[in-house]
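Take a look at the structure set out below.
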Amino acid sequence: MAFTTDEETKLKAIINAYDNAKRICDLPDGGLSTAGKLIEVYDQAKGIPQKMSLPGAVGNAGATWCGCRWRKGNASPEGEPIGNISMLANLKSILGLGGYLVQNDHSRKKLSSQTHYRLETGEEAKLDGSMGHYNWGTGVTMYYAPWDDYEYDYEAVSPTPIPGHWNYKIPIFSVPCSGASAIDRTNLKLVNYCNRSAQYRGGTNDASLDGKWNTMCGKPVVNIAENTLQRYAEKNGDRWGATMDPAIFMIGVLTRIVFHNRNIGAARNTAMTADGLYQGGLGMGVDNVNSYFGNQYATVDMDALADKGDAMGVFSVDCMDGDEKKLTINNIPCFFGLKNFYHYLWCMRHLSILSYNADKTIDVYQKQIWDSTAIPTDNTTGMRKIGTIPLTTEGWIKRMNLQHMCYYPLEVGGSESTNYGDYFWRPDISSGLRGLFALGNASCGGNAGVSCFNGSDGPSNAWVSNGAALCEAAEDWDTEPFYVSA
């Protein structure tokens, strides 16, 4: 059988390729650096050959870290788990994530993972303040590293420094287990107590509702100036603060890695992956029922769902008047026991501040170390400029800054279901200082997740939908990274 002209051309090309092929030992030496190099791999599940970066392949083999990567240019919020997958599947126990009782001196006792009304050791746990603050946090020091290559953006965590990357040291820290904090009105202190006495009346301090099913006693505080709430937080001692930037940042990191998804507002998926990993998200967030509670947004008791322990899921609570159910509040997100940490109350992040420019870009200033000194709330004294928000219009966040553990948008153009799934609000101004409002309130719909960002309000803003999250760190928290050699 004679070959056609096209077939002869192809056959000659095959023979030429064979004649000019080289054995591995004949290739030029590539040196010891893995940077920029590719290898060929075979995906058994898909039955196709694929390329992989050599640094990624080497890093994943016996990795002492776990994380997630997202392909650049891909709008999907879903990423790919990388690193030590077994570590990722057991990250809760490895990092000690869950409920704690924390004293002002930063000593802490782990609560039972089954119910927060018991200590891990079995004794009764009182959440009313007599045994400390009812917090959610970590039990070990950990490390965080963000990086990118020609194809992917990466985030990873580990209980040990991550080789070959710039690392941030994350001290043991905690935030309110209820997502927002209460107030001691006698001593003017921000607290994480589940106490229903008038001294800890939350909300807008409406005493006319005391004793009723929709009482403000036992709920988070709202409608106090955000800079004042920071001062109230600092009364607890060194390294206590209101909605501290690095703590809120790390909650976002952990949710993105655990779910391998940038959009915490994605629908709940109760099925685990074949590797035993969570997937999906925790839904839009708690129902907006403020009209039942004096038209303010602190609607959920500080100890709601404490009986669920370190649960993962989306839950409901019934509001009872004796034996009568008056209301059911649905869609409460719970991340290993951390409730209502987005889409509940706006909270102003502290340690950073915004300065608007004449060209309507926004400079971001940050105090480098969260230590025993007071946090500036109304000026940039003692802060350094860490970056600029180039955006002059608001929109859905497409690309986010991850440096210095201070998230802010770098590009908009996404949507509720793509990229980060969070919104960026900004005023049309060209001068002045503004705070960094985060987390959103229950009326924000799909706009509000862990990474939503509002740069519209001044540091002294107060409103019925604005509260604070009392945070603490066991040691000084430096927002400057350090490099760890491979």
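Chain lettering (A, B, ...) mirrors the order of the structure tokens, residue numbering begins at 1 for each chain separately, and ligand numbering begins at 1 in order of display.
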
TODO: Pull the helix (DSSP H, G or I) assignments for segment 126-333 of chain A out of DSSP run on the backbone, and list those residues as a PyMOL selection string.
DONE: chain A and resi 198-200+207-209+226-234+245-259+290-292+306-308

- [ ] Could you please write out, as a ChimeraX atom specification, every residue of segment 266-460 of chain A that DSSP assigns to strand (DSSP E)?
- [x] /A:268-269,279-280,313-321,324-335,338-339,346-356,362-366,369-370,384-389,395-400,409-412,423-425,433-438,453-454

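Between atom CA of Leu111 of chain A and atom CA of Asp303 of chain A the interatomic distance comes to 13.3 Å.
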
Residues within 7 Å of segment 189-195 of chain A, only C-alpha atoms, excluding chain neighbours under 4 positions, as an mmCIF file with all heavy atoms, in the first residue's frame:
data_model
loop_
_atom_site.group_PDB
_atom_site.id
_atom_site.type_symbol
_atom_site.label_atom_id
_atom_site.label_comp_id
_atom_site.auth_asym_id
_atom_site.auth_seq_id
_atom_site.Cartn_x
_atom_site.Cartn_y
_atom_site.Cartn_z
ATOM 1 N N LEU A 127 -19.572 29.244 80.948
ATOM 2 C CA LEU A 127 -19.307 30.208 79.891
ATOM 3 C C LEU A 127 -19.702 31.621 80.270
ATOM 4 O O LEU A 127 -19.655 32.531 79.442
ATOM 5 C CB LEU A 127 -20.061 29.791 78.610
ATOM 6 C CG LEU A 127 -19.898 28.332 78.168
ATOM 7 C CD1 LEU A 127 -20.665 28.084 76.877
ATOM 8 C CD2 LEU A 127 -18.428 27.971 78.001
ATOM 9 N N ASP A 128 -20.049 31.837 81.544
ATOM 10 C CA ASP A 128 -20.573 33.130 81.985
ATOM 11 C C ASP A 128 -19.488 34.135 82.351
ATOM 12 O O ASP A 128 -19.781 35.243 82.809
ATOM 13 C CB ASP A 128 -21.512 32.945 83.175
ATOM 14 C CG ASP A 128 -20.824 32.292 84.382
ATOM 15 O OD1 ASP A 128 -19.600 32.009 84.314
ATOM 16 O OD2 ASP A 128 -21.508 32.045 85.397
ATOM 17 N N GLY A 129 -18.221 33.779 82.188
ATOM 18 C CA GLY A 129 -17.117 34.668 82.522
ATOM 19 C C GLY A 129 -16.370 34.265 83.773
ATOM 20 O O GLY A 129 -15.243 34.725 83.997
ATOM 21 N N HIS A 133 -12.931 33.822 79.130
ATOM 22 C CA HIS A 133 -13.658 34.190 77.916
ATOM 23 C C HIS A 133 -13.974 32.942 77.098
ATOM 24 O O HIS A 133 -13.136 32.048 76.956
ATOM 25 C CB HIS A 133 -12.821 35.150 77.063
ATOM 26 C CG HIS A 133 -12.496 36.444 77.742
ATOM 27 N ND1 HIS A 133 -13.320 37.540 77.693
ATOM 28 C CD2 HIS A 133 -11.416 36.815 78.484
ATOM 29 C CE1 HIS A 133 -12.773 38.539 78.372
ATOM 30 N NE2 HIS A 133 -11.612 38.119 78.865
ATOM 31 N N TYR A 134 -15.189 32.921 76.542
ATOM 32 C CA TYR A 134 -15.622 31.821 75.683
ATOM 33 C C TYR A 134 -15.104 32.094 74.273
ATOM 34 O O TYR A 134 -15.709 32.839 73.508
ATOM 35 C CB TYR A 134 -17.144 31.725 75.712
ATOM 36 C CG TYR A 134 -17.728 30.645 74.828
ATOM 37 C CD1 TYR A 134 -17.149 29.379 74.723
ATOM 38 C CD2 TYR A 134 -18.900 30.889 74.111
ATOM 39 C CE1 TYR A 134 -17.693 28.401 73.917
ATOM 40 C CE2 TYR A 134 -19.469 29.907 73.303
ATOM 41 C CZ TYR A 134 -18.866 28.664 73.210
ATOM 42 O OH TYR A 134 -19.412 27.692 72.407
ATOM 43 N N ASN A 135 -13.965 31.473 73.952
ATOM 44 C CA ASN A 135 -13.253 31.785 72.717
ATOM 45 C C ASN A 135 -13.121 30.572 71.805
ATOM 46 O O ASN A 135 -13.323 29.430 72.218
ATOM 47 C CB ASN A 135 -11.849 32.325 73.032
ATOM 48 C CG ASN A 135 -11.866 33.772 73.470
ATOM 49 O OD1 ASN A 135 -12.926 34.316 73.775
ATOM 50 N ND2 ASN A 135 -10.711 34.398 73.505
ATOM 51 N N PRO A 176 -13.823 35.442 69.538
ATOM 52 C CA PRO A 176 -15.051 34.998 70.210
ATOM 53 C C PRO A 176 -15.665 33.786 69.530
ATOM 54 O O PRO A 176 -15.826 33.761 68.309
ATOM 55 C CB PRO A 176 -15.973 36.221 70.118
ATOM 56 C CG PRO A 176 -15.411 37.072 69.034
ATOM 57 C CD PRO A 176 -13.935 36.829 69.051
ATOM 58 N N SER A 181 -18.627 39.926 70.155
ATOM 59 C CA SER A 181 -18.376 40.020 71.596
ATOM 60 C C SER A 181 -19.437 40.800 72.351
ATOM 61 O O SER A 181 -20.161 41.624 71.778
ATOM 62 C CB SER A 181 -17.001 40.652 71.837
ATOM 63 O OG SER A 181 -15.986 39.842 71.279
ATOM 64 N N ALA A 182 -19.485 40.545 73.654
ATOM 65 C CA ALA A 182 -20.400 41.225 74.566
ATOM 66 C C ALA A 182 -19.672 42.389 75.237
ATOM 67 O O ALA A 182 -18.484 42.623 75.001
ATOM 68 C CB ALA A 182 -20.920 40.237 75.608
ATOM 69 N N ILE A 183 -20.399 43.093 76.100
ATOM 70 C CA ILE A 183 -19.801 44.217 76.820
ATOM 71 C C ILE A 183 -20.139 44.115 78.297
ATOM 72 O O ILE A 183 -21.245 43.717 78.685
ATOM 73 C CB ILE A 183 -20.287 45.569 76.255
ATOM 74 C CG1 ILE A 183 -19.509 46.720 76.888
ATOM 75 C CG2 ILE A 183 -21.797 45.749 76.438
ATOM 76 C CD1 ILE A 183 -19.774 48.068 76.250
ATOM 77 N N ASP A 184 -19.168 44.421 79.112
ATOM 78 C CA ASP A 184 -19.364 44.610 80.548
ATOM 79 C C ASP A 184 -19.670 46.095 80.734
ATOM 80 O O ASP A 184 -18.776 46.937 80.677
ATOM 81 C CB ASP A 184 -18.092 44.207 81.298
ATOM 82 C CG ASP A 184 -18.174 44.447 82.797
ATOM 83 O OD1 ASP A 184 -19.061 45.187 83.253
ATOM 84 O OD2 ASP A 184 -17.305 43.911 83.518
ATOM 85 N N TYR A 200 -24.328 42.794 81.430
ATOM 86 C CA TYR A 200 -23.805 42.368 80.133
ATOM 87 C C TYR A 200 -24.887 42.470 79.037
ATOM 88 O O TYR A 200 -24.853 41.735 78.070
ATOM 89 C CB TYR A 200 -23.281 40.935 80.233
ATOM 90 C CG TYR A 200 -22.173 40.805 81.249
ATOM 91 C CD1 TYR A 200 -22.448 40.355 82.543
ATOM 92 C CD2 TYR A 200 -20.867 41.152 80.928
ATOM 93 C CE1 TYR A 200 -21.434 40.254 83.483
ATOM 94 C CE2 TYR A 200 -19.853 41.058 81.869
ATOM 95 C CZ TYR A 200 -20.143 40.616 83.144
ATOM 96 O OH TYR A 200 -19.143 40.522 84.087
ATOM 97 N N GLY A 218 -27.325 38.853 77.197
ATOM 98 C CA GLY A 218 -26.711 37.624 76.704
ATOM 99 C C GLY A 218 -26.350 37.661 75.240
ATOM 100 O O GLY A 218 -25.989 36.626 74.666
ATOM 101 N N LEU A 229 -14.538 50.693 71.148
ATOM 102 C CA LEU A 229 -14.530 49.253 71.408
ATOM 103 C C LEU A 229 -13.104 48.708 71.460
ATOM 104 O O LEU A 229 -12.819 47.775 72.224
ATOM 105 C CB LEU A 229 -15.341 48.522 70.334
ATOM 106 C CG LEU A 229 -16.859 48.724 70.408
ATOM 107 C CD1 LEU A 229 -17.544 48.078 69.211
ATOM 108 C CD2 LEU A 229 -17.422 48.175 71.714
ATOM 109 N N TYR A 232 -11.933 49.480 74.877
ATOM 110 C CA TYR A 232 -12.580 48.567 75.823
ATOM 111 C C TYR A 232 -11.933 47.172 75.765
ATOM 112 O O TYR A 232 -11.824 46.485 76.779
ATOM 113 C CB TYR A 232 -14.069 48.446 75.514
ATOM 114 C CG TYR A 232 -14.905 49.674 75.836
ATOM 115 C CD1 TYR A 232 -16.257 49.706 75.523
ATOM 116 C CD2 TYR A 232 -14.350 50.795 76.451
ATOM 117 C CE1 TYR A 232 -17.043 50.811 75.821
ATOM 118 C CE2 TYR A 232 -15.124 51.911 76.741
ATOM 119 C CZ TYR A 232 -16.471 51.915 76.420
ATOM 120 O OH TYR A 232 -17.255 53.014 76.703
ATOM 121 N N ALA A 233 -11.519 46.760 74.568
ATOM 122 C CA ALA A 233 -10.873 45.453 74.420
ATOM 123 C C ALA A 233 -9.529 45.429 75.132
ATOM 124 O O ALA A 233 -9.170 44.439 75.784
ATOM 125 C CB ALA A 233 -10.699 45.131 72.935
ATOM 126 N N LYS A 235 -8.599 46.808 77.730
ATOM 127 C CA LYS A 235 -8.694 46.745 79.184
ATOM 128 C C LYS A 235 -8.500 45.331 79.714
ATOM 129 O O LYS A 235 -8.270 45.134 80.913
ATOM 130 C CB LYS A 235 -10.040 47.296 79.651
ATOM 131 C CG LYS A 235 -10.182 48.810 79.519
ATOM 132 C CD LYS A 235 -11.490 49.287 80.120
ATOM 133 C CE LYS A 235 -11.627 50.807 80.065
ATOM 134 N NZ LYS A 235 -12.885 51.268 80.710
ATOM 135 N N MET A 302 -24.953 34.601 72.905
ATOM 136 C CA MET A 302 -23.524 34.320 72.908
ATOM 137 C C MET A 302 -23.230 32.828 73.054
ATOM 138 O O MET A 302 -22.211 32.338 72.557
ATOM 139 C CB MET A 302 -22.844 35.081 74.049
ATOM 140 C CG MET A 302 -22.838 36.597 73.904
ATOM 141 S SD MET A 302 -21.643 37.194 72.703
ATOM 142 C CE MET A 302 -20.092 36.810 73.523
ATOM 143 N N ASP A 303 -24.118 32.085 73.733
ATOM 144 C CA ASP A 303 -23.865 30.657 73.935
ATOM 145 C C ASP A 303 -24.689 29.770 73.003
ATOM 146 O O ASP A 303 -24.773 28.553 73.204
ATOM 147 C CB ASP A 303 -24.107 30.257 75.387
ATOM 148 C CG ASP A 303 -25.521 30.578 75.866
ATOM 149 O OD1 ASP A 303 -26.304 31.159 75.072
ATOM 150 O OD2 ASP A 303 -25.842 30.259 77.028
ATOM 151 N N LEU A 470 -13.658 40.370 70.093
ATOM 152 C CA LEU A 470 -12.545 40.455 71.033
ATOM 153 C C LEU A 470 -11.555 39.330 70.756
ATOM 154 O O LEU A 470 -11.879 38.147 70.905
ATOM 155 C CB LEU A 470 -13.055 40.372 72.468
ATOM 156 C CG LEU A 470 -11.990 40.350 73.568
ATOM 157 C CD1 LEU A 470 -11.192 41.650 73.589
ATOM 158 C CD2 LEU A 470 -12.632 40.081 74.929
#

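In this comparison, which uses only C-alpha atoms, the residue of A:Val412, A:Leu209, A:Met405, A:Ala247 approaching Tyr168 of chain A most closely is A:Met405.
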
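Taking atom CA of Ser415 of chain A and atom CA of Ala156 of chain A as the two end points, the separation is 25.0 Å.
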
Task: Who sits within 12 Å of Asp210 of chain A, only C-alpha atoms, same chain under 2 positions skipped, as a list in words - done: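 Answer for this query is Arg196, Ser197, Ala198, Gln199, Tyr200, Arg201, Gly202, Gly203, Asn205, Asp206, Ala207, Ser208, Lys212, Trp213, Asn214, Thr215, Met216, Cys217, Gly218, Lys219, Phe293 and Gly294 of chain A.
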
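Taking atom CA of Asn454 of chain A as the reference point, atom CA of Arg231 of chain A is found at 21.6 Å.
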
Open item on the list: Just checking: using only C-alpha atoms, which residue out of A:Cys68, A:Val464, A:Ile264, A:Val175 ends up closest to Leu101 of chain A?
Closed with: A:Val175

Could you pull the residues within 8 Å of Ile82 of chain A, counting only C-alpha atoms, minus those fewer than 5 positions along the same chain, as a PDB file with N, CA and C atoms, in the first residue's frame?
ATOM      1  N   ASN A  60       5.504  18.371  47.406  1.00  0.00           N
ATOM      2  CA  ASN A  60       4.402  17.540  47.859  1.00  0.00           C
ATOM      3  C   ASN A  60       4.853  16.185  48.376  1.00  0.00           C
ATOM      4  N   CYS A  66       0.423  21.600  54.547  1.00  0.00           N
ATOM      5  CA  CYS A  66      -0.730  21.350  53.689  1.00  0.00           C
ATOM      6  C   CYS A  66      -1.316  22.678  53.247  1.00  0.00           C
ATOM      7  N   GLY A  67      -2.011  22.658  52.149  1.00  0.00           N
ATOM      8  CA  GLY A  67      -2.556  23.910  51.657  1.00  0.00           C
ATOM      9  C   GLY A  67      -3.449  23.704  50.462  1.00  0.00           C
ATOM     10  N   CYS A  68      -3.544  24.758  49.658  1.00  0.00           N
ATOM     11  CA  CYS A  68      -4.404  24.745  48.491  1.00  0.00           C
ATOM     12  C   CYS A  68      -3.792  25.634  47.426  1.00  0.00           C
ATOM     13  N   ARG A  69      -4.090  25.320  46.175  1.00  0.00           N
ATOM     14  CA  ARG A  69      -3.638  26.174  45.090  1.00  0.00           C
ATOM     15  C   ARG A  69      -4.803  26.448  44.139  1.00  0.00           C
TER      16      ARG A  69
END

Can you tell me which residues surround segment 86-100 of chain A at a distance of at most 7 Å, considering only C-alpha atoms, apart from same-chain residues fewer than 3 positions away, and format the answer as a PDB file with N, CA and C atoms, in the first residue's frame?
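Full text of selection25.pdb as output:
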ATOM      1  N   CYS A  66       0.423  21.600  54.547  1.00  0.00           N
ATOM      2  CA  CYS A  66      -0.730  21.350  53.689  1.00  0.00           C
ATOM      3  C   CYS A  66      -1.316  22.678  53.247  1.00  0.00           C
ATOM      4  N   ARG A 108      -5.181  29.073  78.928  1.00  0.00           N
ATOM      5  CA  ARG A 108      -6.403  28.575  78.295  1.00  0.00           C
ATOM      6  C   ARG A 108      -6.641  27.102  78.597  1.00  0.00           C
ATOM      7  N   LYS A 109      -7.910  26.722  78.543  1.00  0.00           N
ATOM      8  CA  LYS A 109      -8.310  25.335  78.709  1.00  0.00           C
ATOM      9  C   LYS A 109      -9.175  24.950  77.518  1.00  0.00           C
ATOM     10  N   LYS A 110      -8.848  23.809  76.922  1.00  0.00           N
ATOM     11  CA  LYS A 110      -9.606  23.345  75.762  1.00  0.00           C
ATOM     12  C   LYS A 110     -10.970  22.835  76.202  1.00  0.00           C
ATOM     13  N   LEU A 111     -11.987  23.235  75.465  1.00  0.00           N
ATOM     14  CA  LEU A 111     -13.329  22.732  75.699  1.00  0.00           C
ATOM     15  C   LEU A 111     -13.520  21.414  74.946  1.00  0.00           C
ATOM     16  N   HIS A 116     -19.439  22.375  74.407  1.00  0.00           N
ATOM     17  CA  HIS A 116     -18.645  23.419  75.055  1.00  0.00           C
ATOM     18  C   HIS A 116     -19.103  23.690  76.484  1.00  0.00           C
ATOM     19  N   TYR A 134     -15.189  32.921  76.542  1.00  0.00           N
ATOM     20  CA  TYR A 134     -15.622  31.821  75.683  1.00  0.00           C
ATOM     21  C   TYR A 134     -15.104  32.094  74.273  1.00  0.00           C
ATOM     22  N   ASN A 135     -13.965  31.473  73.952  1.00  0.00           N
ATOM     23  CA  ASN A 135     -13.253  31.785  72.717  1.00  0.00           C
ATOM     24  C   ASN A 135     -13.121  30.572  71.805  1.00  0.00           C
ATOM     25  N   TRP A 136     -12.739  30.864  70.574  1.00  0.00           N
ATOM     26  CA  TRP A 136     -12.396  29.836  69.587  1.00  0.00           C
ATOM     27  C   TRP A 136     -11.008  30.159  69.064  1.00  0.00           C
ATOM     28  N   GLY A 137     -10.157  29.144  68.928  1.00  0.00           N
ATOM     29  CA  GLY A 137      -8.826  29.461  68.445  1.00  0.00           C
ATOM     30  C   GLY A 137      -7.968  28.250  68.200  1.00  0.00           C
ATOM     31  N   THR A 138      -6.666  28.470  68.321  1.00  0.00           N
ATOM     32  CA  THR A 138      -5.665  27.446  68.038  1.00  0.00           C
ATOM     33  C   THR A 138      -4.986  27.007  69.329  1.00  0.00           C
ATOM     34  N   GLY A 139      -4.358  25.829  69.268  1.00  0.00           N
ATOM     35  CA  GLY A 139      -3.683  25.307  70.447  1.00  0.00           C
ATOM     36  C   GLY A 139      -2.189  25.216  70.308  1.00  0.00           C
ATOM     37  N   VAL A 140      -1.662  25.516  69.108  1.00  0.00           N
ATOM     38  CA  VAL A 140      -0.219  25.457  68.869  1.00  0.00           C
ATOM     39  C   VAL A 140       0.194  26.639  68.001  1.00  0.00           C
ATOM     40  N   CYS A 177     -16.007  32.786  70.308  1.00  0.00           N
ATOM     41  CA  CYS A 177     -16.596  31.570  69.753  1.00  0.00           C
ATOM     42  C   CYS A 177     -17.953  31.873  69.127  1.00  0.00           C
ATOM     43  N   VAL A 258      -9.134  24.558  54.429  1.00  0.00           N
ATOM     44  CA  VAL A 258      -9.925  23.401  54.857  1.00  0.00           C
ATOM     45  C   VAL A 258     -10.956  23.018  53.806  1.00  0.00           C
ATOM     46  N   GLY A 276     -11.073  12.322  52.459  1.00  0.00           N
ATOM     47  CA  GLY A 276     -11.575  12.705  53.770  1.00  0.00           C
ATOM     48  C   GLY A 276     -11.517  14.193  54.034  1.00  0.00           C
ATOM     49  N   LEU A 277     -11.623  15.014  52.985  1.00  0.00           N
ATOM     50  CA  LEU A 277     -11.546  16.470  53.110  1.00  0.00           C
ATOM     51  C   LEU A 277     -12.937  17.092  52.991  1.00  0.00           C
ATOM     52  N   ASP A 310     -17.287  21.448  68.893  1.00  0.00           N
ATOM     53  CA  ASP A 310     -16.470  21.889  67.750  1.00  0.00           C
ATOM     54  C   ASP A 310     -17.058  21.386  66.432  1.00  0.00           C
ATOM     55  N   PHE A 336     -15.812  24.285  62.912  1.00  0.00           N
ATOM     56  CA  PHE A 336     -15.166  23.618  64.056  1.00  0.00           C
ATOM     57  C   PHE A 336     -15.533  24.305  65.371  1.00  0.00           C
ATOM     58  N   GLY A 337     -16.775  24.783  65.472  1.00  0.00           N
ATOM     59  CA  GLY A 337     -17.252  25.420  66.697  1.00  0.00           C
ATOM     60  C   GLY A 337     -17.297  26.929  66.673  1.00  0.00           C
TER      61      GLY A 337
END

- [ ] Find the spatial neighbours of Ile397 of chain A, counting only C-alpha atoms, within a cut-off of 9 Å - ignore same-chain residues fewer than 4 positions away - and output them as number ranges by chain.
- [x] A: 409-415, 418-424, 451-453
